[in-house]
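The block underneath contains the structure these notes are about, expressed in structure tokens.
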Amino acid sequence: MLSKRMKTLWVLLLAVALSACATKVERIDSEEVRDLSGNWNDTDSRLVSEEMIRDVLSRPWINRYTRSHGGEPPVVIVGEVRNLSHEHINVNTFVADMERALINSGNVEVVASSTERGEVRGERKDQDLHSSEGTRNVMGEEAGADFMLKGTINTIIDAEGKKQVKFYQVDLTLISMADNRKVWVGQKKIKKFVDKRSLRF
Amino acid sequence: MKRARGWLCLGAALLLSGCAGYSQRFDAIEAQLVAGNPSTALQVLEKNRGNGQRDEVLYLLNRAMLLRMQGEYRQSNETLEQAKRLIDELDAISVREQAIALTVNDTLQSYIGSDFERALLHVYAALNYLQMDMPDEARVEVLQLDVLLSLQADGQGDTQTEDAFARYLSGLVFEQQGEWSDAMIAYRRAYQDYQKYRKHLGVKPPHSLGLALLRMAGHLGLKEELREYRKAFAIEQWPSLAALQEKGEVVLVIGTGLASRKREEAMSILAPEAGVMVRVALPRYETRAQPVGEVRLLADDEMVAADLVEDIDVIAVKTLQAQMPVITARALARAVVKYRAVREAGERDQGLGLLLNVAGMLSEQADTRSWSTLPQRIYLARRFLPPGRHEVSVQLLGHGGQVLAQKQFTGVAIEAGKKVYLTWRWISPHTRGGKGS
């Protein structure tokens, strides 16, 4: 009787031990918030870009521009978002989110960034040589941007022992290419308290 | 009988844990480095990875350094990032490892690096980014360094010296970004730390730091400080920030030699009344000879002496000295635990007691782990040059003024307002294991 119970116990133990070894994958919704290390993550990137875009599209600069330009929507280029924070943040996802929302709103036109332009120009040059007359796109017809979106990500960290308060501030500015005037400034702040564990097994 | 088997198991476990010390395992890697083959050294390192999680940080640090030596800066930084994450994870105190350290030996604790090694991790990550011309990423490292250094300094009082070179490098990064006030703050802290270095480690504030301080203080209009630095560095004339705007800068970072290694020093005593051998093993540094007396940078037929900015050997020895009371106390406590176990077992079964005694002796090992691929010393030279291509060369001179080695950097492209980082790691072909200290 005893040995039987022992056997079951062993099997159970083995099962537990084995289950701990296997890699576990669980699918989660891309909207779900899950903080692991306390560092900048996808949720922060999404929250910031969503709020910024809502703000930039609801401000008077768009109407002012379209009114003075006979209903034409403004053309925007997304410039550099500099990472001046304590972490190696991938700003590309954040910039891509911004670009997508701007284009999809329909109120603004967005032109390709300087790195993307290089490739497009190469292709155009190639077309000039190899494409048929009717399908060829000529050089010198690019749309110039009216505004440039630039920004920075900054952090302030206050740490003591295992405790940290992280403060992120993202500043974005929309600058008029014609006269360097700033037509919109957006700001989003995120504050986190991280308490690292002080004991482990 | 059952209990005897238990003892046997414990004895076997103890026996198994007593393998060759870390320091010995590193010999093969060192031989390759001395022969000038960092890529083979990396292969040896990969092969001897072993020991699971507890030596993983050390493996990553060494790997990153060997990759850097081969100019693989991106991979080196990926490895350093892994090390950072792991250190963060292992930083919490492990109850299990503490218990094992008190009963078997210290090497069974996970290695997370000493304070200066953790600072140097960020220093090398920043240098790698600067080498790849990614100043923004280097800035991230410098900010992380600031948090780390402040945490390390917390509650340590005045005896603790911050990493002065780390602060100096931070100043360089901020200056490159045109963040003058941040650069000034970092240079100022570096100066304060170098004054402690002079007192405790015999490294004086670098001349190039004096020039940087004067340049920044002049630009920011800090007249009082300007006077102080002029006197402290005995510099009468220096180029102002405005005068240097048209020029670019070469920053040369040179690592010389291989950091000293820890060795084990063990003592065995026979406790006669019980017939039990007691062994206590402690680590100590073996400092190596330091062949380099002077480092020179030659550019456009003009010579600048490089400054010694970090004497890693001296810092390492000081750090271990400071840790020694705790290490010794733990070793003695361990000796008591093992002695008791042997006596108890011996009372029941003499053979078992003997076996346990042997196991206990064999398992007693000093923790000789350290980031051994670090250089002995770091030298830094800065030189402002007009835009264009330049021939830059470096000479390492011995204590008698003889040329030990030299290297040529051809066609170094200088742009106005930018800094170009050049690096060289020189390990003397005559490097040998050191003498005791």
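Every chain in the structure tokens takes a letter, A first, then B, and so on in the order presented; its residues are numbered from 1, and the ligands are numbered from 1 following the presented order.
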Check: Neighbours of Pro239 (chain B) within 12 Å (only C-alpha atoms; same-chain residues fewer than 4 positions away dropped), as a list of chain:residue names?
Finding: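 Final neighbour list, sorted by chain and number: B:Ser208, B:Gly210, B:Leu211, B:Ala212, B:Leu213, B:Leu214, B:Arg215, B:Met216, B:Gly218, B:His219, B:Ile235, B:Ala243, B:Leu244, B:Gln245, B:Glu246, B:Lys247, B:Arg383, B:Phe384.
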Check your understanding: What are the residues of chain A that have an atom within 9 Å of an atom of chain B, counting only C-alpha atoms, as a list in words?
Key ->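 That gives Arg82, Asn83, Leu84, Ser85, His86, Glu87, His88, Ile157, Asp158, Ala159, Glu160, Gly161, Lys162, Lys196, Arg197, Ser198, Leu199, Arg200 and Phe201 of chain A for chain A.
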For Asp193 (chain B), find every residue with an atom within 8 Å (counting only C-alpha atoms), except residues of its own chain fewer than 5 positions away, and show them as a list in words.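 My list of contacting residues is Thr161, Glu162, Asp163 and Ala164 of chain B.
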Would you put the residues from that selection into a file with N, CA and C atoms, as a PDB file, in the first residue's frame?
```pdb
ATOM      1  N   THR B 161      36.185  54.620  -3.616  1.00  0.00           N
ATOM      2  CA  THR B 161      36.500  55.455  -4.752  1.00  0.00           C
ATOM      3  C   THR B 161      35.626  55.039  -5.920  1.00  0.00           C
ATOM      4  N   GLU B 162      34.962  55.998  -6.495  1.00  0.00           N
ATOM      5  CA  GLU B 162      34.191  55.720  -7.704  1.00  0.00           C
ATOM      6  C   GLU B 162      35.157  55.447  -8.845  1.00  0.00           C
ATOM      7  N   ASP B 163      34.631  54.894  -9.914  1.00  0.00           N
ATOM      8  CA  ASP B 163      35.471  54.653 -11.065  1.00  0.00           C
ATOM      9  C   ASP B 163      35.724  55.977 -11.797  1.00  0.00           C
ATOM     10  N   ALA B 164      36.925  56.522 -11.629  1.00  0.00           N
ATOM     11  CA  ALA B 164      37.218  57.846 -12.178  1.00  0.00           C
ATOM     12  C   ALA B 164      37.213  57.837 -13.706  1.00  0.00           C
TER      13      ALA B 164
END
```
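Taking CA of Gln176 (chain B) as the reference point, CA of Pro135 (chain B) is found at 7.7 Å.
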If we count only C-alpha atoms and set the cut-off at 9 Å, which residues sit around Tyr379 (chain B), ignoring sequence neighbours fewer than 4 positions away in its own chain? Please answer as a list of chain:residue names.
B:Leu252, B:Val253, B:Ile254, B:Gly255, B:Thr256, B:Val295, B:Ala306, B:Asp307, B:Leu308, B:Val309, B:Glu310, B:Asp311
>> If I take CA of Gln323 (chain B) and CA of Ser114 (chain B), how far is one from the other in Å, to one decimal?
In response: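 Between CA of Gln323 (chain B) and CA of Ser114 (chain B) the gap works out to 9.8 Å.
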| request: Give the alpha helix (DSSP H) residues of region 126-256 of chain B, as assigned by DSSP on the backbone, as a PyMOL selection string. | output: chain B and resi 126-131+135-153+164-176+180-200+207-220+223-233+241-244
Strand (DSSP E) call set, DSSP backbone run, chain A, as a ChimeraX atom specification = /A:75-84,109-111,147-160,163-176,182-195,199-200
- prompt: Contacts of Asn107 (chain A) at 10 Å or less, counting only C-alpha atoms, minus same-chain residues fewer than 3 places along, as a PyMOL selection string?
  reply: chain A and resi 57+62-63+66+72-75+102-104
Any chance you can output those residues with N, CA and C atoms as a short mmCIF file (atom, residue, chain, number, x, y, z; two decimals), in the first residue's frame?
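New file part.cif:
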```cif
data_model
loop_
_atom_site.label_atom_id
_atom_site.label_comp_id
_atom_site.auth_asym_id
_atom_site.auth_seq_id
_atom_site.Cartn_x
_atom_site.Cartn_y
_atom_site.Cartn_z
N LEU A 57 -3.43 65.34 -34.16
CA LEU A 57 -4.47 65.44 -35.19
C LEU A 57 -5.65 66.31 -34.75
N ILE A 62 -3.58 71.94 -38.35
CA ILE A 62 -3.99 71.30 -39.60
C ILE A 62 -4.99 72.18 -40.33
N ASN A 63 -6.02 72.62 -39.59
CA ASN A 63 -7.05 73.46 -40.22
C ASN A 63 -6.46 74.76 -40.74
N THR A 66 -4.62 73.92 -44.01
CA THR A 66 -5.48 73.59 -45.16
C THR A 66 -6.23 74.84 -45.63
N GLU A 72 -5.55 71.90 -49.42
CA GLU A 72 -4.50 70.87 -49.53
C GLU A 72 -4.10 70.38 -48.13
N PRO A 73 -3.99 69.06 -47.90
CA PRO A 73 -3.52 68.62 -46.58
C PRO A 73 -2.01 68.85 -46.43
N PRO A 74 -1.57 69.08 -45.22
CA PRO A 74 -0.13 69.30 -45.02
C PRO A 74 0.68 68.02 -45.27
N VAL A 75 1.91 68.18 -45.76
CA VAL A 75 2.79 67.03 -45.97
C VAL A 75 3.81 67.00 -44.82
N LEU A 102 -0.78 58.66 -38.69
CA LEU A 102 -0.86 59.93 -39.43
C LEU A 102 -1.43 59.71 -40.82
N ILE A 103 -0.92 58.70 -41.50
CA ILE A 103 -1.36 58.44 -42.88
C ILE A 103 -2.83 58.02 -42.87
N ASN A 104 -3.18 57.10 -41.97
CA ASN A 104 -4.54 56.56 -41.95
C ASN A 104 -5.60 57.59 -41.56
#
```
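For the set B:Gly401, B:Leu241, B:Leu80, B:Ser372, the residue with the smallest atom-to-atom gap to Leu45 (chain B) is B:Ser372, counting only C-alpha atoms.
Here CA of Glu109 (chain A) is placed at a distance of 17.7 Å from CA of Glu80 (chain A).
The nearest approach to Val314 (chain B) among the residues B:Ile327, B:Leu297, B:Val203, B:Val412, with only C-alpha atoms taken into account, belongs to B:Val203.
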_Excluding Gln192 (chain B) and its own-chain neighbours fewer than 6 positions away, which residues fall within 12 Å of it when counting only C-alpha atoms? Please give them as a PyMOL selection string._
chain B and resi 158+161-165+167-168+185-186+198-199+204-206+209-210+213+229+232
Only N, CA and C atoms, please: the residues just picked out, written as a tab-separated table (two decimals), in the first residue's frame.
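Result saved to part22.tsv:
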```tsv
chain	number	residue	atom	x	y	z
B	158	ASP	N	33.57	57.80	2.47
B	158	ASP	CA	34.61	58.47	1.70
B	158	ASP	C	35.71	57.53	1.25
B	161	THR	N	36.19	54.62	-3.62
B	161	THR	CA	36.50	55.46	-4.75
B	161	THR	C	35.63	55.04	-5.92
B	162	GLU	N	34.96	56.00	-6.49
B	162	GLU	CA	34.19	55.72	-7.70
B	162	GLU	C	35.16	55.45	-8.85
B	163	ASP	N	34.63	54.89	-9.91
B	163	ASP	CA	35.47	54.65	-11.07
B	163	ASP	C	35.72	55.98	-11.80
B	164	ALA	N	36.92	56.52	-11.63
B	164	ALA	CA	37.22	57.85	-12.18
B	164	ALA	C	37.21	57.84	-13.71
B	165	PHE	N	37.74	56.76	-14.29
B	165	PHE	CA	37.79	56.71	-15.76
B	165	PHE	C	36.39	56.67	-16.34
B	167	ARG	N	33.80	58.13	-15.15
B	167	ARG	CA	33.30	59.51	-15.14
B	167	ARG	C	33.95	60.33	-16.25
B	168	TYR	N	35.24	60.10	-16.45
B	168	TYR	CA	35.96	60.84	-17.49
B	168	TYR	C	35.37	60.51	-18.86
B	185	ILE	N	29.92	68.58	-15.56
B	185	ILE	CA	29.62	67.84	-14.31
B	185	ILE	C	30.40	66.53	-14.28
B	186	ALA	N	30.41	65.82	-15.41
B	186	ALA	CA	31.11	64.53	-15.45
B	186	ALA	C	32.62	64.73	-15.29
B	198	ARG	N	44.67	59.35	-6.73
B	198	ARG	CA	46.05	59.73	-6.45
B	198	ARG	C	46.43	59.31	-5.02
B	199	LYS	N	45.49	59.50	-4.12
B	199	LYS	CA	45.74	59.21	-2.71
B	199	LYS	C	45.84	57.69	-2.45
B	204	LYS	N	47.45	59.76	-10.96
B	204	LYS	CA	47.13	61.19	-10.85
B	204	LYS	C	46.14	61.65	-11.92
B	205	PRO	N	45.45	62.78	-11.68
B	205	PRO	CA	44.48	63.26	-12.67
B	205	PRO	C	45.15	63.46	-14.02
B	206	PRO	N	44.57	62.94	-15.11
B	206	PRO	CA	45.20	63.04	-16.43
B	206	PRO	C	45.28	64.49	-16.92
B	209	LEU	N	42.41	65.64	-18.98
B	209	LEU	CA	41.23	65.99	-18.19
B	209	LEU	C	41.32	67.46	-17.77
B	210	GLY	N	42.55	67.88	-17.41
B	210	GLY	CA	42.76	69.29	-17.06
B	210	GLY	C	42.38	70.21	-18.20
B	213	LEU	N	38.61	70.26	-18.55
B	213	LEU	CA	37.97	71.04	-17.48
B	213	LEU	C	38.10	72.53	-17.76
B	229	TYR	N	41.57	74.97	-11.50
B	229	TYR	CA	42.12	73.95	-12.39
B	229	TYR	C	43.44	74.40	-13.02
B	232	ALA	N	45.89	73.68	-10.34
B	232	ALA	CA	46.03	72.26	-10.05
B	232	ALA	C	46.78	71.52	-11.16
```
Worksheet entry | From A:Glu123, A:Glu99, A:Asp55, A:Glu26, residue lying nearest Lys188 (chain A) [only C-alpha atoms] |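 Distance minimum relative to Lys188 (chain A) lands on A:Asp55.
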